[in-house]
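Peer 1: This is the content of model12.txt (compact mmCIF, C-alpha atoms):
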# COMPACT_ATOMS: atom_id res chain seq x y z
CA MET A 1 -34.11 -5.02 2.64
CA LYS A 2 -33.74 -1.34 1.85
CA SER A 3 -29.98 -1.74 1.30
CA SER A 4 -30.53 -4.66 -1.07
CA ILE A 5 -32.99 -2.62 -3.10
CA GLN A 6 -30.56 0.29 -3.26
CA SER A 7 -27.74 -2.01 -4.37
CA ALA A 8 -29.86 -3.57 -7.10
CA ALA A 9 -30.99 -0.16 -8.34
CA ILE A 10 -27.45 1.21 -8.78
CA THR A 11 -25.61 0.32 -11.99
CA ILE A 12 -21.85 0.44 -12.43
CA PHE A 13 -22.31 3.22 -14.97
CA SER A 14 -24.12 5.53 -12.57
CA ARG A 15 -22.65 8.55 -10.81
CA ALA A 16 -23.62 7.04 -7.46
CA PHE A 17 -21.67 3.84 -8.11
CA PHE A 18 -18.63 5.85 -9.19
CA ARG A 19 -18.75 7.79 -5.91
CA TYR A 20 -19.19 4.62 -3.86
CA TYR A 21 -16.37 2.86 -5.68
CA ILE A 22 -13.98 5.76 -5.10
CA ILE A 23 -14.74 5.56 -1.36
CA THR A 24 -14.09 1.81 -1.46
CA MET A 25 -10.71 2.37 -3.16
CA ARG A 26 -9.49 4.49 -0.23
CA PRO A 27 -7.99 7.37 -2.30
CA TYR A 28 -5.71 8.40 0.57
CA LEU A 29 -3.88 5.07 0.28
CA LEU A 30 -3.42 5.09 -3.49
CA PHE A 31 -0.28 7.05 -2.70
CA VAL A 32 1.15 3.94 -1.02
CA SER A 33 1.16 1.95 -4.26
CA GLY A 34 2.10 5.10 -6.18
CA ALA A 35 5.24 5.48 -4.07
CA THR A 36 5.98 1.75 -4.40
CA GLY A 37 5.78 1.78 -8.19
CA THR A 38 7.77 5.01 -8.39
CA ALA A 39 10.54 3.49 -6.29
CA GLY A 40 10.73 0.39 -8.47
CA MET A 41 10.74 2.52 -11.60
CA ALA A 42 13.42 4.86 -10.22
CA PHE A 43 15.87 1.97 -10.06
CA SER A 44 15.19 0.96 -13.66
CA PRO A 45 16.72 2.51 -16.80
CA VAL A 46 13.41 4.09 -17.89
CA ILE A 47 13.86 7.24 -20.01
CA SER A 48 10.54 7.90 -21.76
CA SER A 49 8.26 10.45 -20.08
CA VAL A 50 5.17 8.70 -21.45
CA GLN A 51 6.45 5.41 -20.06
CA ILE A 52 7.07 7.01 -16.67
CA TRP A 53 3.55 8.40 -16.43
CA MET A 54 1.88 5.21 -17.61
CA ILE A 55 3.76 3.10 -15.06
CA PHE A 56 2.99 5.63 -12.35
CA VAL A 57 -0.74 5.67 -13.12
CA ALA A 58 -0.91 1.86 -13.16
CA SER A 59 0.98 1.70 -9.86
CA PHE A 60 -1.12 4.43 -8.27
CA LEU A 61 -4.46 2.83 -9.14
CA SER A 62 -3.44 -0.74 -8.34
CA TYR A 63 -3.82 -0.30 -4.58
CA GLY A 64 -7.38 0.94 -4.94
CA PHE A 65 -8.46 -1.86 -7.26
CA GLY A 66 -6.73 -4.44 -5.07
CA GLN A 67 -8.18 -3.04 -1.85
CA ALA A 68 -11.68 -3.02 -3.31
CA LEU A 69 -11.26 -6.64 -4.40
CA THR A 70 -10.12 -7.83 -0.97
CA ASP A 71 -13.01 -5.94 0.64
CA CYS A 72 -15.37 -8.32 -1.15
CA PHE A 73 -14.04 -11.14 1.04
CA GLN A 74 -13.97 -9.25 4.35
CA ILE A 75 -17.46 -7.84 4.75
CA ASP A 76 -17.89 -9.71 8.05
CA THR A 77 -15.16 -7.82 9.90
CA ASP A 78 -15.50 -4.60 7.88
CA THR A 79 -19.16 -4.33 8.89
CA ARG A 80 -17.98 -3.90 12.47
CA SER A 81 -14.83 -1.85 11.92
CA SER A 82 -15.79 0.25 8.87
CA PRO A 83 -19.58 0.63 8.75
CA TYR A 84 -19.25 3.76 6.62
CA ARG A 85 -18.13 1.83 3.53
CA PRO A 86 -20.71 1.41 0.76
CA LEU A 87 -20.08 -2.33 0.50
CA THR A 88 -20.78 -2.96 4.18
CA ARG A 89 -23.87 -0.74 3.99
CA GLY A 90 -25.25 -2.78 1.10
CA LEU A 91 -25.28 0.21 -1.26
CA VAL A 92 -23.29 -1.80 -3.81
CA SER A 93 -22.86 -5.54 -4.29
CA ARG A 94 -19.81 -7.78 -4.11
CA PHE A 95 -20.39 -8.68 -7.75
CA GLN A 96 -20.28 -5.03 -8.80
CA ILE A 97 -17.23 -4.11 -6.73
CA GLY A 98 -15.41 -7.34 -7.56
CA GLY A 99 -16.11 -7.08 -11.28
CA VAL A 100 -14.91 -3.50 -11.62
CA SER A 101 -11.87 -4.29 -9.47
CA ILE A 102 -10.83 -7.20 -11.67
CA ILE A 103 -11.22 -5.08 -14.79
CA GLY A 104 -9.15 -2.33 -13.16
CA LEU A 105 -6.41 -4.74 -12.14
CA ILE A 106 -6.32 -6.19 -15.65
CA PHE A 107 -5.78 -2.66 -16.96
CA CYS A 108 -2.90 -2.08 -14.54
CA VAL A 109 -1.24 -5.40 -15.37
CA SER A 110 -1.71 -4.70 -19.09
CA VAL A 111 0.22 -1.44 -18.76
CA PHE A 112 3.07 -3.20 -16.98
CA ALA A 113 2.97 -6.06 -19.49
CA TYR A 114 3.00 -3.69 -22.46
CA TYR A 115 6.46 -2.55 -21.43
CA ASN A 116 7.61 -6.00 -20.30
CA PRO A 117 5.65 -9.20 -21.08
CA SER A 118 7.18 -10.91 -18.05
CA ASN A 119 4.80 -8.84 -15.97
CA ILE A 120 1.88 -10.96 -17.17
CA ILE A 121 3.07 -13.84 -15.01
CA LEU A 122 3.84 -11.58 -12.05
CA GLY A 123 0.48 -9.88 -12.44
CA ILE A 124 -1.36 -13.20 -12.35
CA PHE A 125 0.49 -14.22 -9.18
CA ALA A 126 -0.28 -10.86 -7.57
CA GLY A 127 -3.94 -11.15 -8.55
CA ILE A 128 -4.16 -14.62 -7.02
CA GLY A 129 -2.47 -13.23 -3.92
CA LEU A 130 -5.09 -10.51 -3.57
CA ALA A 131 -7.96 -12.96 -4.03
CA THR A 132 -6.54 -15.32 -1.39
CA TYR A 133 -5.37 -12.76 1.16
CA THR A 134 -8.32 -13.09 3.54
CA PRO A 135 -7.59 -16.69 4.69
CA PHE A 136 -4.00 -15.70 5.41
CA LYS A 137 -5.13 -12.62 7.34
CA ARG A 138 -6.99 -14.99 9.67
CA MET A 139 -3.67 -16.53 10.74
CA TRP A 140 -1.52 -14.46 13.11
CA TRP A 141 1.79 -15.42 11.53
CA SER A 142 1.03 -14.73 7.88
CA GLY A 143 -1.13 -11.66 7.29
CA PRO A 144 1.45 -8.84 7.09
CA PHE A 145 4.00 -10.92 5.17
CA TYR A 146 1.43 -12.27 2.73
CA ASN A 147 0.22 -8.77 1.96
CA ALA A 148 3.77 -7.44 1.74
CA TRP A 149 4.95 -9.91 -0.90
CA ILE A 150 2.14 -8.74 -3.19
CA VAL A 151 3.28 -5.12 -2.83
CA GLY A 152 6.87 -6.25 -3.32
CA VAL A 153 5.80 -7.79 -6.63
CA LEU A 154 4.32 -4.42 -7.63
CA CYS A 155 7.73 -2.83 -7.04
CA ILE A 156 9.37 -5.49 -9.22
CA MET A 157 6.75 -5.08 -11.95
CA ALA A 158 7.40 -1.32 -12.08
CA PHE A 159 11.15 -2.02 -12.26
CA LEU A 160 10.66 -4.41 -15.17
CA ALA A 161 8.23 -2.09 -16.95
CA GLY A 162 10.87 0.62 -16.70
CA GLY A 163 13.30 -1.49 -18.70
CA GLY A 164 14.87 -3.48 -15.91
CA ILE A 165 15.88 -7.10 -16.35
CA LEU A 166 14.46 -9.74 -14.01
CA SER A 167 17.90 -11.17 -13.22
CA ASP A 168 19.04 -7.69 -12.14
CA ILE A 169 16.47 -7.52 -9.35
CA ILE A 170 18.75 -9.56 -7.10
CA LYS A 171 21.65 -7.19 -7.65
CA ILE A 172 22.59 -4.42 -5.23
CA PRO A 173 20.96 -1.91 -4.73
CA ASN A 174 17.86 -3.20 -6.56
CA ILE A 175 17.28 -6.02 -4.10
CA PHE A 176 17.48 -3.55 -1.20
CA ILE A 177 14.65 -1.39 -2.53
CA VAL A 178 12.42 -4.48 -2.81
CA ILE A 179 13.33 -5.51 0.74
CA THR A 180 12.61 -1.98 1.93
CA VAL A 181 9.16 -2.14 0.34
CA PHE A 182 8.53 -5.57 1.85
CA PHE A 183 9.34 -4.69 5.47
CA GLY A 184 7.87 -1.21 5.25
CA TYR A 185 4.56 -2.47 3.98
CA ALA A 186 4.49 -5.43 6.36
CA ASN A 187 4.81 -2.98 9.24
CA PHE A 188 2.02 -0.83 7.83
CA VAL A 189 -0.25 -3.89 7.67
CA LEU A 190 0.57 -4.99 11.22
CA SER A 191 0.05 -1.52 12.63
CA GLY A 192 -3.19 -1.30 10.66
CA TYR A 193 -4.52 -4.35 12.50
CA PHE A 194 -4.55 -2.27 15.68
CA LYS A 195 -7.64 -0.38 14.50
CA ASP A 196 -9.63 -3.57 13.80
CA ILE A 197 -9.03 -5.73 16.89
CA GLU A 198 -12.55 -5.36 18.27
CA ALA A 199 -13.98 -6.33 14.87
CA ASP A 200 -11.48 -9.10 14.04
CA ARG A 201 -11.78 -10.97 17.35
CA PRO A 202 -15.49 -11.95 17.11
CA THR A 203 -15.30 -12.66 13.36
CA GLY A 204 -12.46 -15.19 13.58
CA TYR A 205 -9.58 -13.09 12.28
CA ARG A 206 -6.69 -14.28 14.46
CA THR A 207 -4.34 -11.42 13.69
CA PHE A 208 -1.19 -10.93 15.76
CA PRO A 209 -2.67 -8.32 18.13
CA VAL A 210 -5.82 -10.43 18.56
CA VAL A 211 -3.83 -13.51 19.54
CA TYR A 212 -0.90 -11.99 21.43
CA SER A 213 -2.18 -8.58 22.61
CA ARG A 214 -1.44 -5.03 21.54
CA ALA A 215 1.76 -4.91 23.61
CA ALA A 216 3.30 -7.95 21.91
CA ALA A 217 2.18 -6.75 18.48
CA ALA A 218 3.80 -3.36 19.11
CA ILE A 219 7.11 -5.08 19.81
CA ALA A 220 6.77 -7.17 16.63
CA SER A 221 6.03 -3.95 14.77
CA ASP A 222 9.21 -2.41 16.22
CA VAL A 223 11.21 -5.27 14.70
CA LEU A 224 9.62 -4.72 11.29
CA ALA A 225 10.22 -0.98 11.57
CA LEU A 226 13.89 -1.58 12.39
CA LEU A 227 14.25 -3.88 9.38
CA PHE A 228 12.50 -1.24 7.24
CA ILE A 229 14.92 1.48 8.38
CA THR A 230 17.95 -0.80 7.99
CA SER A 231 17.07 -1.83 4.45
CA ALA A 232 16.36 1.81 3.54
CA VAL A 233 19.78 2.85 4.85
CA LEU A 234 21.43 0.05 2.85
CA THR A 235 19.54 1.14 -0.25
CA PHE A 236 20.70 4.71 0.30
CA ALA A 237 24.30 3.67 0.95
CA PHE A 238 24.59 1.64 -2.24
CA SER A 239 22.62 4.03 -4.47
CA GLY A 240 24.50 7.29 -4.10
CA GLU A 241 27.51 6.64 -6.29
CA GLY A 242 27.87 9.33 -8.92
CA TYR A 243 25.39 11.69 -7.24
CA VAL A 244 26.47 14.88 -5.56
CA GLN A 245 23.09 16.33 -4.64
CA LEU A 246 22.09 14.25 -1.65
CA LEU A 247 20.35 16.98 0.34
CA PHE A 248 16.74 16.35 -0.67
CA PRO A 249 16.94 12.54 -0.55
CA SER A 250 18.55 12.79 2.88
CA LEU A 251 15.81 15.13 4.13
CA PHE A 252 13.08 12.81 2.89
CA LEU A 253 14.70 9.89 4.66
CA LEU A 254 15.38 11.73 7.91
CA ILE A 255 11.81 13.01 8.13
CA GLY A 256 10.60 9.52 7.23
CA PHE A 257 12.74 8.00 9.99
CA GLY A 258 11.31 10.54 12.43
CA ALA A 259 7.78 9.63 11.37
CA ILE A 260 8.33 5.90 11.81
CA ILE A 261 9.82 6.42 15.27
CA LEU A 262 6.84 8.58 16.22
CA GLY A 263 4.47 5.92 14.91
CA GLN A 264 6.20 3.16 16.87
CA VAL A 265 6.17 5.15 20.10
CA ARG A 266 2.47 5.87 19.69
CA LEU A 267 1.74 2.26 18.81
CA HIS A 268 2.91 1.20 22.29
CA ARG A 269 0.39 3.62 23.78
CA VAL A 270 -2.66 2.42 21.84
CA GLN A 271 -5.36 1.19 24.19
CA THR A 272 -8.43 1.07 21.92
CA ASP A 273 -9.19 0.62 18.24
CA LYS A 274 -10.42 4.21 18.02
CA GLY A 275 -7.04 5.54 19.12
CA ALA A 276 -4.95 3.46 16.73
CA HIS A 277 -5.05 5.96 13.87
CA ALA A 278 -2.71 8.28 15.78
CA ALA A 279 0.02 5.65 15.40
CA ILE A 280 -0.91 4.34 11.94
CA VAL A 281 -0.90 7.75 10.23
CA PRO A 282 2.83 8.47 10.83
CA VAL A 283 3.64 4.89 9.78
CA VAL A 284 1.99 5.55 6.41
CA HIS A 285 3.77 8.90 6.09
CA SER A 286 7.11 7.24 6.80
CA TYR A 287 6.57 4.62 4.10
CA ILE A 288 5.84 7.24 1.46
CA LEU A 289 8.56 9.65 2.61
CA ILE A 290 11.30 7.01 2.68
CA LEU A 291 10.41 5.51 -0.71
CA THR A 292 10.15 9.01 -2.15
CA GLY A 293 13.58 9.88 -0.80
CA LEU A 294 15.12 6.76 -2.32
CA SER A 295 13.42 7.55 -5.63
CA VAL A 296 14.82 11.09 -5.64
CA LEU A 297 18.25 9.70 -4.86
CA GLN A 298 18.09 7.80 -8.13
CA ARG A 299 16.24 10.47 -10.11
CA GLN A 300 17.18 14.00 -9.06
CA THR A 301 14.88 15.54 -11.68
CA TRP A 302 11.84 13.95 -10.07
CA ILE A 303 12.11 16.10 -6.94
CA ILE A 304 9.40 18.65 -7.87
CA PRO A 305 6.80 16.08 -9.06
CA LEU A 306 7.42 13.98 -5.96
CA LEU A 307 7.09 16.97 -3.65
CA ILE A 308 3.73 17.70 -5.28
CA PHE A 309 2.86 14.01 -4.96
CA TYR A 310 3.54 14.06 -1.23
CA GLY A 311 1.66 17.32 -0.83
CA PHE A 312 -1.44 15.79 -2.41
CA PHE A 313 -1.08 12.78 -0.11
CA VAL A 314 -1.14 15.04 2.95
CA LEU A 315 -4.24 16.81 1.61
CA VAL A 316 -6.15 13.65 0.70
CA MET A 317 -5.32 12.07 4.05
CA GLN A 318 -7.08 14.99 5.73
CA LEU A 319 -10.17 14.43 3.58
CA ARG A 320 -10.67 10.74 4.38
CA PRO A 321 -14.28 9.89 5.40
CA THR A 322 -13.51 9.04 9.02
CA GLN A 323 -10.36 10.16 10.78
CA ASP A 324 -10.02 7.00 12.86
CA GLN A 325 -9.77 4.82 9.74
CA VAL A 326 -6.52 4.56 7.77
What would you get if you wrote out this structure as structure tokens?
Peer 2:
Amino acid sequence: MKSSIQSAAITIFSRAFFRYYIITMRPYLLFVSGATGTAGMAFSPVISSVQIWMIFVASFLSYGFGQALTDCFQIDTDTRSSPYRPLTRGLVSRFQIGGVSIIGLIFCVSVFAYYNPSNIILGIFAGIGLATYTPFKRMWWSGPFYNAWIVGVLCIMAFLAGGGILSDIIKIPNIFIVITVFFGYANFVLSGYFKDIEADRPTGYRTFPVVYSRAAAAIASDVLALLFITSAVLTFAFSGEGYVQLLFPSLFLLIGFGAIILGQVRLHRVQTDKGAHAAIVPVVHSYILILTGLSVLQRQTWIIPLLIFYGFFVLVMQLRPTQDQV
């Protein structure tokens, strides 16, 4: 009763709601969509600095708005796995979080569509995907892939907003960066399920580790990680023509490969939900490092901003509300 009263008393224009919504967005994971949009944009012919920053901001915020929206449909399992979140505590309502999230996503899609109207259609599909993700998460075979295609669409939208042509997305190396995003994010999703097994099992979420055990899910994750690394290497191999300065992109990728290997090794050692974050954290780092390296390969002048970007990611990750949640 107390939580309901608190929720009703808080308006979306209050400082308290703003603080609660920021927590719901998971600021430490906004860098995931930021890196995804940056990678898509790096492979486009974008030249305007204003355009670059607008696409980056829309990409960066899209994860938070999308995550907050999907949280509205997963309160049952989140109440068990993430009791710290304002939505599960009843401090804010689904209507409030969902409404602000939809408005935020409309803003992001509008930015992408301003630079390329084709993004309206892609944005609608991505929005529908976010709203319907929960039923697919309940099925062991679909969750990671269903989530990954939505993030892959974000990469394509950033590419189009940067001046790319839709028909060019299937050309090499553009198609490789999209595939890299797809498998990299799918692996992040699957590894993320390891922290929610004890909450997903009693609430009917038949994720891969719930159905087939942590050991089997770790092997499946290894396959996704291998596909992620392979597609990244192919992207790198077909993107370097005309570039002499390969040092920084190579370092990003090598460190990213080291992080993903560390994450996979740790994933095989996970015994409880509480210990899963030790494996998930390097998986997230690898995703951002590898996409950043591929972005720098295409855009040498972005090295300093992207180093700062990664530095902020490391800082914000350390400030997340609970260290066992990623």
Peer 1: At a cut-off of 12 Å, using only C-alpha atoms, what residues contact Thr79 (chain A)? Leave out same-chain residues fewer than 3 positions from it and give the result as a PyMOL selection string.
Peer 2: chain A and resi 71-76+82-90+196+198-200+202-203
Peer 1: Name the closest residue to Leu307 (chain A) among the candidates A:Phe176, A:Phe188, A:Phe252, A:Phe112; distances are taken between atoms, counting all atoms listed in the file.
Peer 2: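 Counting all atoms listed in the file, the residue closest to Leu307 (chain A) is A:Phe252.
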Peer 1: Can you tell me which residues surround Phe248 (chain A) at a distance of at most 10 Å, considering all atoms listed in the file, apart from same-chain residues fewer than 2 positions away, and format the answer as a list in words?
Peer 2: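 Everything that qualifies: Gln245, Leu246, Ser250, Leu251, Phe252, Leu253, Leu254, Thr292, Gly293, Leu294, Val296, Leu297, Gln300 and Ile303 of chain A.
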Peer 1: In Å, rounded to a single decimal, give me how far CA of Leu154 (chain A) is from CA of Gly40 (chain A).
Peer 2: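 Computed distance, CA of Gly40 (chain A) to CA of Leu154 (chain A), equals 8.1 Å.
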Peer 1: Pull the closest atom pair for each residue of region 111-142 of chain A that gets at most 7 Å from region 155-172 of chain A, along with the distance in Å to one decimal, counting only C-alpha atoms, ordering rows by chain and then ascending residue number, as a tab-separated table.
Peer 2:
residue	atom	partner	partner_atom	distance
A:Phe112	CA	A:Ala161	CA	5.3
A:Tyr115	CA	A:Ala161	CA	4.8
A:Asn116	CA	A:Ala161	CA	5.2
A:Asn119	CA	A:Met157	CA	5.8
Peer 1: Of the residues A:Val57, A:Ile290, A:Val326, A:Ile106, which is the one nearest to His277 (chain A), using all atoms listed in the file?
Peer 2: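 Nearest candidate to His277 (chain A) out of A:Val57, A:Ile290, A:Val326, A:Ile106: A:Val326.
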Peer 1: Could you tell me how far CA of Ile229 (chain A) lies from CA of Ser59 (chain A), in Å and to one decimal?
Peer 2: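 CA of Ser59 (chain A) lies at a distance of 23.0 Å from CA of Ile229 (chain A).
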Peer 1: Check which residues of region 47-145 of chain A sit at most 10 Å from region 21-28 of chain A using only C-alpha atoms, and return one row each with the closest pair of atoms and their distance in Å to one decimal, ordered by chain and rising number, as a tab-separated table.
Peer 2:
residue	atom	partner	partner_atom	distance
A:Phe60	CA	A:Pro27	CA	9.6
A:Leu61	CA	A:Met25	CA	8.7
A:Ser62	CA	A:Met25	CA	9.5
A:Tyr63	CA	A:Met25	CA	7.5
A:Gly64	CA	A:Met25	CA	4.0
A:Phe65	CA	A:Met25	CA	6.3
A:Gly66	CA	A:Met25	CA	8.1
A:Gln67	CA	A:Met25	CA	6.1
A:Ala68	CA	A:Met25	CA	5.5
A:Leu69	CA	A:Met25	CA	9.1
A:Asp71	CA	A:Thr24	CA	8.1
A:Tyr84	CA	A:Ile23	CA	9.3
A:Arg85	CA	A:Thr24	CA	6.4
A:Pro86	CA	A:Thr24	CA	7.0
A:Leu87	CA	A:Thr24	CA	7.5
A:Thr88	CA	A:Thr24	CA	10.0
A:Val92	CA	A:Tyr21	CA	8.5
A:Gln96	CA	A:Tyr21	CA	9.3
A:Ile97	CA	A:Tyr21	CA	7.1
A:Val100	CA	A:Tyr21	CA	8.8
A:Ser101	CA	A:Met25	CA	9.2
Peer 1: Please determine, counting all atoms listed in the file, which residue among A:Ala42, A:Ile120, A:Ile260, A:Ala232 has the shortest atom-to-atom distance to Thr180 (chain A).
Peer 2: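 The answer is A:Ala232, which sits nearest to Thr180 (chain A).
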Peer 1: Counting all atoms listed in the file, what are the residues of region 115-181 of chain A within 12 Å of region 219-227 of chain A, and for each of them which pair of atoms is the nearest and at what distance in Å, to one decimal? Sort the table by chain and rising number, as a tab-separated table.
Peer 2:
residue	atom	partner	partner_atom	distance
A:Trp140	CA	A:Ala220	CA	11.6
A:Trp141	CA	A:Ala220	CA	10.9
A:Pro144	CA	A:Leu224	CA	10.1
A:Phe145	CA	A:Leu224	CA	10.4
A:Ala148	CA	A:Leu224	CA	11.5
A:Phe176	CA	A:Leu227	CA	11.1
A:Ile179	CA	A:Leu227	CA	8.8
A:Thr180	CA	A:Leu227	CA	7.9
A:Val181	CA	A:Leu227	CA	10.5
Peer 1: What is the distance, in Å and to one decimal place, between CA of Ile52 (chain A) and CA of Val151 (chain A)?
Peer 2: 18.8 Å
